[in-house]
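Asks: So that we are looking at the same thing, I have put the structure below in structure tokens.
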Amino acid sequence: MTAVTRGEGQQGHEWRGWRAAAREALYGPGGFYRRTEGPAGHFRTSVHASPLFAGAVAELLCRVDEALGRPATLDFVDMAAGRGELAGGVLAALPADVAARTRAYAVEVAERPEGLDHRIEWPAEPPQGVTGLLFANEWLDNVPVEVAEVDAAGVARRVLVREDGTERLGEPVDGAQAGWLARWWPLSGEAGLRAEIGLPRDEAWASAVATLDRGLAVAVDYAHTADTRPPFGTLTGFREGRESAAVPDGSCDITAHVALDACALPGGRLLPQREALRALGVTGARPPLTLASADPAAYVRALASAGEAAELTAAGGLGDFGWLVQPVGIGEPF
């Protein structure tokens with residue numbers, strides 16, 4: 001966790017919970033996700049790492065298509081679409097007959113970027129009645145949540161923050177938020193322990209899944225489960241490609257890892273990205289050396305592709321991302 005300064009000074013700055021502060025900093029007027037450079041100007045996701053990722057999602061969409069019986073219209077919904085990179089990559093990677101039936105939605109609060117494929121619709125909210133695949137890559141980590149910290153008396157209190165990142169402790173956590181902590185991220189009485197209260201993410205995911213009539217919903221994110229909760233939370237910022245203090249002034253991304261096990265609905269399954277991508281054909285295997293002499297250009301291309309696949313599936317890196325796979329009215333297509 002990136003530390004922030006604590007203090008009581010600097011009059012004129014409002015104390016708010018992290019959920020309200022981050023929501024305005026990310027999505028309010030002039031917020032981080034409304035800026036022209038887009039998320040790719042500040043951090044690199046699997047989508048930006050390699051076109052192999054979009055190809056794997058296209059393969060998953062084809063499997064969903066088969067499980068649905070090849071409907072006349074196949075929906076692909078890209079949640080928190082950035083600048084539409086994944087939706088465009090998926091359409092480009094689909095077989096022509098599947099692409100012709102695919103209706104793509106890039107769900108994003110920012111303005112539609114110039115030059116985006118005309119086949120991609122650009123709503124601010126996911127459509128209802130989806131038949132197909134809803135894919136949320138690094139969306140839930142940007143659904144703002146409250147932060148709790150244990151005080152000197154052993155009481156979990158809501159952390160309040162000012163626009164400059166200064167923090168102090170507020171009222172004790174109670175109600176549904178206290179219930180969520182007790183169930184999913186219990187804190188001992190040790191002063192200074194922290195947790196991010198993931199209830200809004202559980203609700204956001206349930207709402208997204210509810211937009212599907214039939215198909216598959218997938219959430220991909222930095223994640224932890226009940227046996228790997230970090231003792232001091234994961235709240236941090238990203239600015240210009242570097243991790244930074246989480247400052248809710250609109251200048252940086254504000255993110256926290258996701259308790260994906262809490263988000264999961266009945267029938268959902270968690271698996272690491274490396275396992276999911278390998279099941280979709282992204283293996284990272286090196287090309288045979290015989291190809292180097294038979295077709296040197298093809299060997300170089302295959303070697304580059306293997307390197308990109310290795311990055312997407314690497315332990316300690318992108319391969320450790322969690323995938324929450326939630327079928328709706330179909331069998332799991334892995």
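Following the order of the structure tokens, first chain is A, next is B, and so on, with residues numbered from 1 inside each chain and ligands from 1 in the order they appear.
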Give me, as a ChimeraX atom specification, all polymer residues having an atom no more than 7 Å from Glu146 of chain A, counting only C-alpha atoms and skipping those fewer than 3 positions away in the same chain.
Replies: /A:17-19,158,196-197
Asks: The selected residues should be written to file as a PDB file, in the first residue's frame (atoms: N, CA and C atoms).
Replies:
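Dumped everything to result-v7.pdb:
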```pdb
ATOM      1  N   GLY A  17     -15.694  10.070   3.100  1.00  0.00           N
ATOM      2  CA  GLY A  17     -15.248   8.694   2.979  1.00  0.00           C
ATOM      3  C   GLY A  17     -14.568   8.473   1.630  1.00  0.00           C
ATOM      4  N   TRP A  18     -13.746   7.429   1.555  1.00  0.00           N
ATOM      5  CA  TRP A  18     -13.013   7.167   0.321  1.00  0.00           C
ATOM      6  C   TRP A  18     -13.944   6.867  -0.855  1.00  0.00           C
ATOM      7  N   ARG A  19     -15.097   6.296  -0.588  1.00  0.00           N
ATOM      8  CA  ARG A  19     -15.996   5.963  -1.694  1.00  0.00           C
ATOM      9  C   ARG A  19     -16.468   7.221  -2.412  1.00  0.00           C
ATOM     10  N   ARG A 158     -14.401   4.028   9.731  1.00  0.00           N
ATOM     11  CA  ARG A 158     -14.325   4.460   8.337  1.00  0.00           C
ATOM     12  C   ARG A 158     -13.200   5.489   8.206  1.00  0.00           C
ATOM     13  N   GLU A 196     -10.611  -2.817   2.573  1.00  0.00           N
ATOM     14  CA  GLU A 196     -11.529  -2.130   1.663  1.00  0.00           C
ATOM     15  C   GLU A 196     -12.858  -2.870   1.683  1.00  0.00           C
ATOM     16  N   ILE A 197     -13.937  -2.155   1.931  1.00  0.00           N
ATOM     17  CA  ILE A 197     -15.254  -2.772   2.112  1.00  0.00           C
ATOM     18  C   ILE A 197     -15.893  -2.946   0.737  1.00  0.00           C
TER      19      ILE A 197
END
```
Asks: Near segment 109-112 of chain A, within 8 Å and counting only C-alpha atoms, which residues show up once chain neighbours fewer than 2 positions away are dropped, as a list in words?
Replies: Tyr27, Tyr33, Arg34, Arg35, Ala80, Gly82, Arg83, Val107, Glu114, Leu116, Trp122, Pro123 and Ala124 of chain A
Asks: Name the closest residue to Phe321 of chain A among the candidates A:Thr283, A:Thr45, A:Thr102, A:Gln177; distances are taken between atoms, counting only C-alpha atoms.
Replies: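 Ranked by minimum distance to Phe321 of chain A, first place goes to A:Thr45.
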Asks: So which one's closest to Gly132 of chain A, A:Ala245, A:Ala294, A:Leu212, A:Val300? Using only C-alpha atoms, please.
Replies: A:Leu212
Asks: Please identify which residues in segment 198-308 of chain A DSSP calls alpha helix (DSSP H) from the backbone, and express them as number ranges by chain.
Replies: A: 199-209, 260-263, 273-279, 290-294, 296-308
Asks: Can you pull out every residue within 9 Å of Ala206 of chain A, counting only C-alpha atoms, but drop anything in the same chain fewer than 6 positions away, and send it as a PDB file with all heavy atoms, in the first residue's frame?
Replies:
```pdb
ATOM      1  N   CYS A 263     -17.708 -11.267  -4.594  1.00  0.00           N
ATOM      2  CA  CYS A 263     -18.546 -10.870  -5.731  1.00  0.00           C
ATOM      3  C   CYS A 263     -19.279 -12.053  -6.352  1.00  0.00           C
ATOM      4  O   CYS A 263     -20.358 -11.887  -6.918  1.00  0.00           O
ATOM      5  CB  CYS A 263     -17.697 -10.210  -6.811  1.00  0.00           C
ATOM      6  SG  CYS A 263     -16.920  -8.648  -6.356  1.00  0.00           S
ATOM      7  N   ALA A 264     -18.685 -13.236  -6.269  1.00  0.00           N
ATOM      8  CA  ALA A 264     -19.206 -14.391  -7.001  1.00  0.00           C
ATOM      9  C   ALA A 264     -20.644 -14.709  -6.622  1.00  0.00           C
ATOM     10  O   ALA A 264     -21.000 -14.747  -5.444  1.00  0.00           O
ATOM     11  CB  ALA A 264     -18.321 -15.605  -6.763  1.00  0.00           C
ATOM     12  N   LEU A 265     -21.459 -14.943  -7.626  1.00  0.00           N
ATOM     13  CA  LEU A 265     -22.840 -15.382  -7.455  1.00  0.00           C
ATOM     14  C   LEU A 265     -22.902 -16.905  -7.555  1.00  0.00           C
ATOM     15  O   LEU A 265     -21.938 -17.542  -7.999  1.00  0.00           O
ATOM     16  CB  LEU A 265     -23.718 -14.729  -8.522  1.00  0.00           C
ATOM     17  CG  LEU A 265     -23.756 -13.199  -8.488  1.00  0.00           C
ATOM     18  CD1 LEU A 265     -24.408 -12.655  -9.748  1.00  0.00           C
ATOM     19  CD2 LEU A 265     -24.458 -12.701  -7.250  1.00  0.00           C
TER      20      LEU A 265
END
```
Asks: Which residues come within 12 Å of Leu169 of chain A, counting only C-alpha atoms, excluding same-chain residues fewer than 3 positions away, as a VMD selection string?
Replies: chain A and resid 6 to 8 15 to 18 146 to 152 155 to 162 166 172 to 173 191 to 192 194
Asks: Looking at only C-alpha atoms, which of A:Pro186, A:Val98, A:Gln326, A:Met79 is the one that sits closest to Glu59 of chain A?
Replies: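 That would be A:Val98, the residue with the smallest distance to Glu59 of chain A.
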Asks: Between atom CA of Gly89 of chain A and atom CA of Ala106 of chain A, what is the distance, to one decimal in Å?
Replies: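 It comes out at 11.8 Å.
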